[in-house]
Amino acid sequence: MSSDEPGNSGISGLTPEDMELIGGAAPTSTRTPRTPPPFLPPPTMGPGPGPAIPVTGHLPPPPVSPPPQTGGSVPPPPPPPPAPPSRKVANYTKHCTSASGTAVDIAHVIMGLPPVGVSGPPGAPLTDPEGSNWSSVEFGALIYGSGTSFGAYDDGIYSNNEPGFATVPAPPSTAQGILHNHPKRGGPVQQNIDKYPSDGDWLGLEQLATESGNPNPSFWILGPDGIVREFKLSDESFWKGIGDGMQTGQGLSGTERSQSC
């Protein structure tokens, strides 16, 4: 990994509980910070102690509330709707020799592609119970393991039928990072922006490091172009410093991952 273009290095059961991850889109001209959403309740597939990890995506800021009216009391605004539940939408029981190989293999499952190095026509992409696939909603998996054995924690791929986030189990001590996709939206500029982690992604990765004990976990982003890219927590300041350079894909060369399982 070079000092001017980080992100070139590689990067992990127990009981599941939600931690949120990002996705979504931001305005094409800027990368707008956004306060992470509230903690989500535990997923219905099993109990588990520990806090959820909220992370958000490249989403536009929420609408500004109108100023209070004068001449009388104004009722408070209604609370935001609850987040949809996390659901395991597919089992993934394979174990690969590297964390990045696991992330790439899961991305191929999400897109309906054969594994790396395996010939054959593409199949149907993974869908959630509502029939949505990776082009419109997010899917995610927590990568864990050590040595030469890495897999999806809880043997699962998750979705919330949401374009802006997905939730995965709370991290074990062997967590290596998170694989999730950013759906396709907007034109070329927006799609370049969605190849990068959002500010909410970095917040989630920091929290993952704290809760798992891994000081340098990864986000593997399956971009709208169908390519998996890896971003290490240790390179956060570099990626945040790119700013508007995201609109043209600055710094992305070398982050692509294509390892086989």
# chains A, B, ... in the order shown; residues from 1 in each chain; ligands from 1

call {"tool": "residues_around", "arguments": {"residues": "Trp202 (chain A)", "least_positions_apart": "2", "cutoff": "9 Å", "atoms": "only C-alpha atoms", "output": "JSON, numbers by chain"}}
result
{"A": [55, 197, 198, 199, 200, 204, 205, 206, 207, 219, 233, 236]}

call {"tool": "residues_around", "arguments": {"residues": "Met111 (chain A)", "least_positions_apart": "4", "cutoff": "7 Å", "atoms": "only C-alpha atoms", "output": "list in words"}}
result
Ala107, Pro125, Leu126 and Trp134 of chain A

call {"tool": "atom_distance", "arguments": {"atom1": "CA of Pro171 (chain A)", "atom2": "CA of Tyr144 (chain A)"}}
result
8.3 Å

call {"tool": "residues_around", "arguments": {"residues": "region 91-99 of chain A", "least_positions_apart": "4", "cutoff": "7 Å", "atoms": "only C-alpha atoms", "output": "list in words"}}
result
Ile11, Ser12, Ala103, Ile143, Thr148, Ser149, Phe150, Gly151, Ala152, Asp155, Gly156, Ile157, Gln176 and Cys261 of chain A

call {"tool": "atom_distance", "arguments": {"atom1": "CA of Asp201 (chain A)", "atom2": "CA of Asn181 (chain A)"}}
result
11.8 Å

call {"tool": "select_by_dssp", "arguments": {"residues": "region 102-207 of chain A", "states": "alpha helix (DSSP H)", "output": "list of chain:residue names"}}
result
A:Thr102, A:Ala103, A:Val104, A:Asp105, A:Ile106, A:Ala107, A:His108, A:Val109, A:Ile110, A:Met111, A:Pro188, A:Val189, A:Gln190, A:Gln191, A:Asn192, A:Ile193, A:Asp199, A:Gly200, A:Asp201, A:Trp202, A:Leu203, A:Gly204, A:Leu205, A:Glu206, A:Gln207

call {"tool": "closest_residue", "arguments": {"among": "A:Arg185, A:Ala175, A:Asp244, A:Ser132", "to": "Thr210 (chain A)", "atoms": "only C-alpha atoms"}}
result
A:Ala175

call {"tool": "residues_around", "arguments": {"residues": "Asn216 (chain A)", "least_positions_apart": "4", "cutoff": "7 Å", "atoms": "only C-alpha atoms", "output": "tab-separated table (two decimals) with C-alpha atoms, in the first residue's frame"}}
result
chain	number	residue	atom	x	y	z
A	209	ALA	CA	-13.29	-1.92	15.34
A	232	LYS	CA	-9.43	-0.12	5.21
A	233	LEU	CA	-10.23	1.81	8.36
A	234	SER	CA	-6.59	2.92	8.58

call {"tool": "closest_residue", "arguments": {"among": "A:Gly213, A:Tyr196, A:Ala166, A:Leu142", "to": "Phe238 (chain A)", "atoms": "only C-alpha atoms"}}
result
A:Tyr196

call {"tool": "closest_residue", "arguments": {"among": "A:Ala170, A:Ala141, A:Tyr153, A:Gln250", "to": "Val104 (chain A)", "atoms": "only C-alpha atoms"}}
result
A:Ala141

call {"tool": "atom_distance", "arguments": {"atom1": "CA of Pro76 (chain A)", "atom2": "CA of Gly164 (chain A)"}}
result
26.4 Å
